[in-house]
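Next comes start.cif, a file with mmCIF, C-alpha atoms; chains and numbers go by the auth columns.
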data_query
#
loop_
_atom_site.group_PDB
_atom_site.id
_atom_site.type_symbol
_atom_site.label_atom_id
_atom_site.label_comp_id
_atom_site.label_asym_id
_atom_site.label_seq_id
_atom_site.Cartn_x
_atom_site.Cartn_y
_atom_site.Cartn_z
_atom_site.B_iso_or_equiv
_atom_site.auth_seq_id
_atom_site.auth_asym_id
ATOM 1 C CA MET A 1 -7.715 -13.699 24.412 0.00 66 N
ATOM 2 C CA ARG A 2 -5.627 -12.372 21.530 0.00 67 N
ATOM 3 C CA SER A 3 -8.634 -10.491 20.125 0.00 68 N
ATOM 4 C CA ALA A 4 -9.127 -8.784 23.490 0.00 69 N
ATOM 5 C CA HIS A 5 -5.498 -7.593 23.418 0.00 70 N
ATOM 6 C CA VAL A 6 -5.845 -6.380 19.832 0.00 71 N
ATOM 7 C CA LEU A 7 -9.094 -4.608 20.727 0.00 72 N
ATOM 8 C CA ALA A 8 -7.473 -2.979 23.755 0.00 73 N
ATOM 9 C CA GLY A 9 -4.535 -1.826 21.622 0.00 74 N
ATOM 10 C CA SER A 10 -6.916 -0.451 19.022 0.00 75 N
ATOM 11 C CA LEU A 11 -8.803 1.443 21.690 0.00 76 N
ATOM 12 C CA LEU A 12 -5.683 3.009 23.091 0.00 77 N
ATOM 13 C CA ALA A 13 -4.503 4.099 19.652 0.00 78 N
ATOM 14 C CA ALA A 14 -7.917 5.470 18.663 0.00 79 N
ATOM 15 C CA LEU A 15 -8.376 7.342 21.901 0.00 80 N
ATOM 16 C CA ALA A 16 -4.867 8.733 22.295 0.00 81 N
ATOM 17 C CA PRO A 17 -5.905 12.256 21.218 0.00 82 N
ATOM 18 C CA LEU A 18 -8.800 12.207 23.668 0.00 83 N
ATOM 19 C CA ALA A 19 -6.584 10.918 26.454 0.00 84 N
ATOM 20 C CA THR A 20 -3.999 13.619 25.779 0.00 85 N
ATOM 21 C CA ALA A 21 -6.602 16.377 25.790 0.00 86 N
ATOM 22 C CA GLN A 22 -8.121 15.098 28.996 0.00 87 N
ATOM 23 C CA SER A 23 -4.893 14.143 30.795 0.00 88 N
ATOM 24 C CA GLN A 24 -4.898 17.285 32.898 0.00 89 N
ATOM 25 C CA GLY A 25 -8.651 17.161 33.369 0.00 90 N
ATOM 26 C CA ASP A 26 -10.735 14.179 34.223 0.00 91 N
ATOM 27 C CA GLU A 27 -8.752 10.941 33.878 0.00 92 N
ATOM 28 C CA ARG A 28 -11.660 8.988 35.317 0.00 93 N
ATOM 29 C CA ALA A 29 -13.916 10.173 32.486 0.00 94 N
ATOM 30 C CA VAL A 30 -11.324 9.034 29.955 0.00 95 N
ATOM 31 C CA ARG A 31 -11.090 5.590 31.586 0.00 96 N
ATOM 32 C CA GLU A 32 -14.881 5.307 31.596 0.00 97 N
ATOM 33 C CA HIS A 33 -15.023 6.370 27.951 0.00 98 N
ATOM 34 C CA VAL A 34 -12.412 3.776 26.950 0.00 99 N
ATOM 35 C CA ALA A 35 -14.196 1.064 28.930 0.00 100 N
ATOM 36 C CA THR A 36 -17.551 1.904 27.347 0.00 101 N
ATOM 37 C CA VAL A 37 -16.114 1.919 23.832 0.00 102 N
ATOM 38 C CA ALA A 38 -14.398 -1.429 24.494 0.00 103 N
ATOM 39 C CA LYS A 39 -17.560 -2.977 25.905 0.00 104 N
ATOM 40 C CA ILE A 40 -19.716 -1.925 22.961 0.00 105 N
ATOM 41 C CA ALA A 41 -17.098 -2.613 20.275 0.00 106 N
ATOM 42 C CA ALA A 42 -16.398 -6.121 21.619 0.00 107 N
ATOM 43 C CA GLY A 43 -19.871 -7.211 20.560 0.00 108 N
ATOM 44 C CA PHE A 44 -19.396 -6.047 16.973 0.00 109 N
ATOM 45 C CA VAL A 45 -15.864 -7.146 16.009 0.00 110 N
ATOM 46 C CA VAL A 46 -17.076 -9.814 13.568 0.00 111 N
ATOM 47 C CA PHE A 47 -19.822 -7.553 12.219 0.00 112 N
ATOM 48 C CA ALA A 48 -17.420 -4.645 11.634 0.00 113 N
ATOM 49 C CA GLY A 49 -14.695 -6.850 10.149 0.00 114 N
ATOM 50 C CA SER A 50 -12.021 -6.240 12.809 0.00 115 N
ATOM 51 C CA GLY A 51 -11.392 -4.865 16.269 0.00 116 N
ATOM 52 C CA ASP A 52 -10.022 -1.649 14.782 0.00 117 N
ATOM 53 C CA ASN A 53 -13.147 -1.194 12.655 0.00 118 N
ATOM 54 C CA ALA A 54 -15.446 -1.914 15.606 0.00 119 N
ATOM 55 C CA VAL A 55 -13.710 0.676 17.789 0.00 120 N
ATOM 56 C CA ALA A 56 -13.652 3.255 14.994 0.00 121 N
ATOM 57 C CA LEU A 57 -17.322 2.670 14.181 0.00 122 N
ATOM 58 C CA VAL A 58 -18.437 2.982 17.814 0.00 123 N
ATOM 59 C CA GLU A 59 -16.416 6.202 18.214 0.00 124 N
ATOM 60 C CA ALA A 60 -17.749 7.636 14.946 0.00 125 N
ATOM 61 C CA LEU A 61 -21.371 6.967 15.835 0.00 126 N
ATOM 62 C CA ARG A 62 -20.884 8.366 19.332 0.00 127 N
ATOM 63 C CA GLU A 63 -19.329 11.576 17.974 0.00 128 N
ATOM 64 C CA GLY A 64 -21.400 11.789 14.779 0.00 129 N
ATOM 65 C CA LEU A 65 -18.278 11.904 12.616 0.00 130 N
ATOM 66 C CA PRO A 66 -17.346 10.139 9.356 0.00 131 N
ATOM 67 C CA VAL A 67 -15.201 7.024 9.643 0.00 132 N
ATOM 68 C CA ASN A 68 -13.129 5.039 7.162 0.00 133 N
ATOM 69 C CA LEU A 69 -13.251 1.284 7.723 0.00 134 N
ATOM 70 C CA SER A 70 -10.669 -1.054 6.165 0.00 135 N
ATOM 71 C CA TYR A 71 -11.445 -4.459 4.683 0.00 136 N
ATOM 72 C CA ALA A 72 -9.418 -7.059 2.814 0.00 137 N
ATOM 73 C CA ARG A 73 -10.064 -6.798 -0.909 0.00 138 N
ATOM 74 C CA ALA A 74 -12.247 -9.494 -2.406 0.00 139 N
ATOM 75 C CA ASP A 75 -10.196 -9.572 -5.623 0.00 140 N
ATOM 76 C CA THR A 76 -6.921 -10.243 -3.694 0.00 141 N
ATOM 77 C CA GLU A 77 -4.955 -8.522 -6.473 0.00 142 N
ATOM 78 C CA GLY A 78 -4.326 -5.301 -4.622 0.00 143 N
ATOM 79 C CA GLU A 79 -2.213 -5.143 -1.526 0.00 144 N
ATOM 80 C CA LEU A 80 -4.041 -2.098 -0.217 0.00 145 N
ATOM 81 C CA PRO A 81 -7.204 -2.754 1.752 0.00 146 N
ATOM 82 C CA ALA A 82 -10.605 -1.646 0.527 0.00 147 N
ATOM 83 C CA VAL A 83 -11.891 1.371 2.431 0.00 148 N
ATOM 84 C CA VAL A 84 -15.552 2.062 3.121 0.00 149 N
ATOM 85 C CA THR A 85 -16.632 5.432 4.504 0.00 150 N
ATOM 86 C CA ILE A 86 -19.591 5.723 6.831 0.00 151 N
ATOM 87 C CA GLU A 87 -20.898 9.273 7.330 0.00 152 N
ATOM 88 C CA PRO A 88 -23.513 9.087 10.093 0.00 153 N
ATOM 89 C CA PRO A 89 -26.498 11.304 9.216 0.00 154 N
ATOM 90 C CA THR A 90 -27.652 11.113 12.839 0.00 155 N
ATOM 91 C CA GLY A 91 -25.198 13.494 14.466 0.00 156 N
ATOM 92 C CA PRO A 92 -23.734 12.431 17.821 0.00 157 N
ATOM 93 C CA MET A 93 -25.512 9.513 19.499 0.00 158 N
ATOM 94 C CA ASP A 94 -25.650 8.400 23.105 0.00 159 N
ATOM 95 C CA TRP A 95 -24.126 5.064 24.056 0.00 160 N
ATOM 96 C CA ASN A 96 -27.446 3.193 24.057 0.00 161 N
ATOM 97 C CA ASP A 97 -28.284 4.517 20.600 0.00 162 N
ATOM 98 C CA VAL A 98 -24.858 3.456 19.285 0.00 163 N
ATOM 99 C CA ARG A 99 -25.399 -0.055 20.622 0.00 164 N
ATOM 100 C CA MET A 100 -28.972 -0.228 19.309 0.00 165 N
ATOM 101 C CA ALA A 101 -28.005 0.968 15.813 0.00 166 N
ATOM 102 C CA LEU A 102 -25.263 -1.648 15.554 0.00 167 N
ATOM 103 C CA MET A 103 -27.475 -4.404 16.972 0.00 168 N
ATOM 104 C CA LEU A 104 -30.279 -3.693 14.515 0.00 169 N
ATOM 105 C CA ALA A 105 -27.862 -3.538 11.591 0.00 170 N
ATOM 106 C CA ARG A 106 -26.135 -6.781 12.659 0.00 171 N
ATOM 107 C CA ASP A 107 -29.470 -8.530 13.174 0.00 172 N
ATOM 108 C CA ALA A 108 -30.681 -7.378 9.744 0.00 173 N
ATOM 109 C CA MET A 109 -27.618 -8.903 8.113 0.00 174 N
ATOM 110 C CA ILE A 110 -27.970 -12.135 10.067 0.00 175 N
ATOM 111 C CA GLY A 111 -31.647 -12.188 9.094 0.00 176 N
ATOM 112 C CA ILE A 112 -30.714 -12.510 5.432 0.00 177 N
ATOM 113 C CA GLY A 113 -27.952 -15.035 6.125 0.00 178 N
ATOM 114 C CA ILE A 114 -24.857 -12.804 6.330 0.00 179 N
ATOM 115 C CA SER A 115 -22.884 -12.940 9.581 0.00 180 N
ATOM 116 C CA ARG A 116 -19.650 -11.406 8.303 0.00 181 N
ATOM 117 C CA PRO A 117 -20.645 -8.528 6.032 0.00 182 N
ATOM 118 C CA SER A 118 -18.258 -6.931 3.584 0.00 183 N
ATOM 119 C CA GLY A 119 -17.615 -3.215 3.882 0.00 184 N
ATOM 120 C CA GLU A 120 -20.144 -2.515 1.136 0.00 185 N
ATOM 121 C CA GLN A 121 -22.769 -4.658 2.862 0.00 186 N
ATOM 122 C CA LEU A 122 -22.128 -2.902 6.169 0.00 187 N
ATOM 123 C CA HIS A 123 -22.518 0.448 4.429 0.00 188 N
ATOM 124 C CA ALA A 124 -25.816 -0.658 2.847 0.00 189 N
ATOM 125 C CA VAL A 125 -27.382 -1.811 6.097 0.00 190 N
ATOM 126 C CA LEU A 126 -26.291 1.306 7.997 0.00 191 N
ATOM 127 C CA MET A 127 -26.751 3.977 5.326 0.00 192 N
ATOM 128 C CA GLY A 128 -29.115 2.384 2.815 0.00 193 N
ATOM 129 C CA GLY A 129 -28.504 0.308 -0.270 0.00 194 N
ATOM 130 C CA GLU A 130 -28.895 -3.120 -1.742 0.00 195 N
ATOM 131 C CA VAL A 131 -27.259 -6.363 -0.660 0.00 196 N
ATOM 132 C CA ILE A 132 -27.303 -9.680 -2.470 0.00 197 N
ATOM 133 C CA ALA A 133 -28.303 -12.342 0.061 0.00 198 N
ATOM 134 C CA PRO A 134 -26.599 -15.757 -0.014 0.00 199 N
ATOM 135 C CA SER A 135 -29.783 -17.044 -1.690 0.00 200 N
ATOM 136 C CA GLY A 136 -28.954 -14.758 -4.637 0.00 201 N
ATOM 137 C CA ARG A 137 -31.906 -12.431 -4.031 0.00 202 N
ATOM 138 C CA PRO A 138 -31.351 -8.693 -3.689 0.00 203 N
ATOM 139 C CA VAL A 139 -32.411 -7.151 -0.386 0.00 204 N
ATOM 140 C CA ALA A 140 -32.909 -3.386 -0.178 0.00 205 N
ATOM 141 C CA PHE A 141 -32.175 -1.591 3.087 0.00 206 N
ATOM 142 C CA ARG A 142 -33.257 1.959 3.899 0.00 207 N
ATOM 143 C CA GLY A 143 -30.349 2.113 6.332 0.00 208 N
ATOM 144 C CA VAL A 144 -30.569 1.949 10.112 0.00 209 N
ATOM 145 C CA LEU A 145 -28.756 5.270 10.562 0.00 210 N
ATOM 146 C CA GLN A 146 -30.706 6.935 7.765 0.00 211 N
ATOM 147 C CA MET A 147 -34.031 5.920 9.282 0.00 212 N
ATOM 148 C CA ARG A 148 -32.911 7.155 12.711 0.00 213 N
ATOM 149 C CA ALA A 149 -31.887 10.489 11.175 0.00 214 N
ATOM 150 C CA GLU A 150 -35.390 10.705 9.665 0.00 215 N
ATOM 151 C CA GLY A 151 -36.791 10.557 13.207 0.00 216 N
ATOM 152 C CA LEU A 152 -37.938 6.933 13.380 0.00 217 N
ATOM 153 C CA ASN A 153 -37.746 5.272 16.790 0.00 218 N
ATOM 154 C CA TRP A 154 -35.899 1.984 17.268 0.00 219 N
ATOM 155 C CA GLY A 155 -39.095 -0.096 17.298 0.00 220 N
ATOM 156 C CA ARG A 156 -40.200 1.346 13.976 0.00 221 N
ATOM 157 C CA ILE A 157 -36.731 0.841 12.498 0.00 222 N
ATOM 158 C CA ALA A 158 -36.778 -2.820 13.560 0.00 223 N
ATOM 159 C CA SER A 159 -40.245 -3.211 12.052 0.00 224 N
ATOM 160 C CA GLU A 160 -39.235 -1.547 8.772 0.00 225 N
ATOM 161 C CA ARG A 161 -36.143 -3.698 8.548 0.00 226 N
ATOM 162 C CA TYR A 162 -38.045 -6.936 8.877 0.00 227 N
ATOM 163 C CA GLN A 163 -40.822 -5.844 6.514 0.00 228 N
ATOM 164 C CA ARG A 164 -38.270 -5.039 3.825 0.00 229 N
ATOM 165 C CA GLN A 165 -36.545 -8.379 4.283 0.00 230 N
ATOM 166 C CA ALA A 166 -39.833 -10.261 4.037 0.00 231 N
ATOM 167 C CA ILE A 167 -40.799 -8.361 0.871 0.00 232 N
ATOM 168 C CA SER A 168 -37.397 -8.988 -0.694 0.00 233 N
ATOM 169 C CA ARG A 169 -37.568 -12.718 0.060 0.00 234 N
ATOM 170 C CA VAL A 170 -41.011 -13.090 -1.534 0.00 235 N
ATOM 171 C CA GLU A 171 -40.151 -11.300 -4.780 0.00 236 N
#

Go ahead and render the structure in this file as C-alpha cells.
Amino acid sequence: MRSAHVLAGSLLAALAPLATAQSQGDERAVREHVATVAKIAAGFVVFAGSGDNAVALVEALREGLPVNLSYARADTEGELPAVVTIEPPTGPMDWNDVRMALMLARDAMIGIGISRPSGEQLHAVLMGGEVIAPSGRPVAFRGVLQMRAEGLNWGRIASERYQRQAISRVE
C-alpha cells in the first residue's frame, strides 16, 4: 500500500506542470492522463528501480523526451545517486507502445536472469549495449527503443531480442 502512495505522490509531482497548464482547460483529460501513467508505471516500479523512475520513464516515452533516472550507487561511497539518462530515439509514443516497449525490455532482462536491473542495464536493454548476465556471460542488446526507431514492429523486436539472448548464451 505504501508503494501505491509513493507512486501517486510521484505522479502528482511529475505532472504538476501539465495539471497547471490544463487547469483552465480539460481537467478530465488531466485526470485520465494521470490515471494512465499510474496504471502503466505500476507494472514497472521494480524494473525501473523506483516509483519515481517508473513514472518519469513512462512520461518520457510518451512524450519522446529525455529522462534522467536515479539509482543508488553500487560503490556506496558517494551520497549522491547515480543518474542514467535515457534519450528515446522513437519520438512520442502512444500508450500501448510505451507499455509494449517496457514489457519487452523487462522480459529481456528477466530472460537473462535479471529482475532488478541497474540503471546501466536498463539503459542497455532500452537503448542498446552489453549486460553481464548473472551467469557471467555478456549479452548484447540492440535496444528495444533503438529497434523501434529503426522501424521494426513489436513482433520482430521480440524475435530479435530472444535470438540475441540465445546466441549470447551459446557463446

Residue by residue, what does the PyMOL selection byres ((chain N and resi 176-187) around 8) grab here? Present the result as a short mmCIF file (atom, residue, chain, number, x, y, z; two decimals) with C-alpha atoms, in the frame of the given file.
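Written file, selection_27.cif:
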data_model
loop_
_atom_site.label_atom_id
_atom_site.label_comp_id
_atom_site.auth_asym_id
_atom_site.auth_seq_id
_atom_site.Cartn_x
_atom_site.Cartn_y
_atom_site.Cartn_z
CA VAL N 111 -17.08 -9.81 13.57
CA PHE N 112 -19.82 -7.55 12.22
CA ALA N 113 -17.42 -4.64 11.63
CA GLY N 114 -14.70 -6.85 10.15
CA LEU N 134 -13.25 1.28 7.72
CA SER N 135 -10.67 -1.05 6.16
CA TYR N 136 -11.44 -4.46 4.68
CA ALA N 147 -10.60 -1.65 0.53
CA VAL N 148 -11.89 1.37 2.43
CA VAL N 149 -15.55 2.06 3.12
CA ALA N 170 -27.86 -3.54 11.59
CA ARG N 171 -26.14 -6.78 12.66
CA ASP N 172 -29.47 -8.53 13.17
CA ALA N 173 -30.68 -7.38 9.74
CA MET N 174 -27.62 -8.90 8.11
CA ILE N 175 -27.97 -12.14 10.07
CA HIS N 188 -22.52 0.45 4.43
CA ALA N 189 -25.82 -0.66 2.85
CA VAL N 190 -27.38 -1.81 6.10
CA LEU N 191 -26.29 1.31 8.00
CA GLU N 195 -28.90 -3.12 -1.74
CA VAL N 196 -27.26 -6.36 -0.66
CA ALA N 198 -28.30 -12.34 0.06
CA PRO N 199 -26.60 -15.76 -0.01
CA GLN N 230 -36.54 -8.38 4.28
#

Practice task
Evaluate the PyMOL selection byres ((chain N and resi 208) around 12) on the structure here and hand back the selected residues as a ChimeraX atom specification.
Solution key: /N:151-155,166-167,169-171,173-174,186-196,204-207,209-215,217,222-223,225-226,229

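Of note, CA of Asn161 (chain N) and CA of Val110 (chain N) are spaced 17.5 Å apart.
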
Exercise for the section: Grab the CA of Val99 (chain N) to CA of Gly216 (chain N) distance for me, in Å with one decimal place. Expected result: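 We find that CA of Val99 (chain N) and CA of Gly216 (chain N) lie 28.8 Å from each other.
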
Practice task
Given the file shown, determine the residues that the PyMOL selection byres ((chain N and resi 131) around 10) selects; report them as a list in words.
Solution key: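 When the PyMOL selection byres ((chain N and resi 131) around 10) is applied to the shown file, the picked residues are Ala121, Leu122, Glu124, Ala125, Leu126, Glu128, Gly129, Leu130, Val132, Asn133, Leu134, Thr150, Ile151, Glu152, Pro153, Pro154 and Gly156 of chain N.
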
Handout entry: Spatial neighbours of region 105-108 of chain N, max dist 10 Å, only C-alpha atoms, sep filter under 4 positions, as a PyMOL selection string
Key = chain N and resi 68-69+72-73+76+100-101+112-113+115-124+160-161+163-164+167-168

Kindly compute an axis-aligned box around the listed atoms of region 202-208 of chain N, allowing 4 Å on each side, and express its centre and edge lengths in Å to one decimal as lines of an AutoDock Vina configuration file.
center_x = -31.8
center_y = -5.2
center_z = 1.2
size_x = 10.9
size_y = 22.5
size_z = 18.4

Exercise for the section: Could you check how far CA of Pro157 (chain N) sits from CA of Glu92 (chain N), in Å to one decimal? Expected result: 22.0 Å
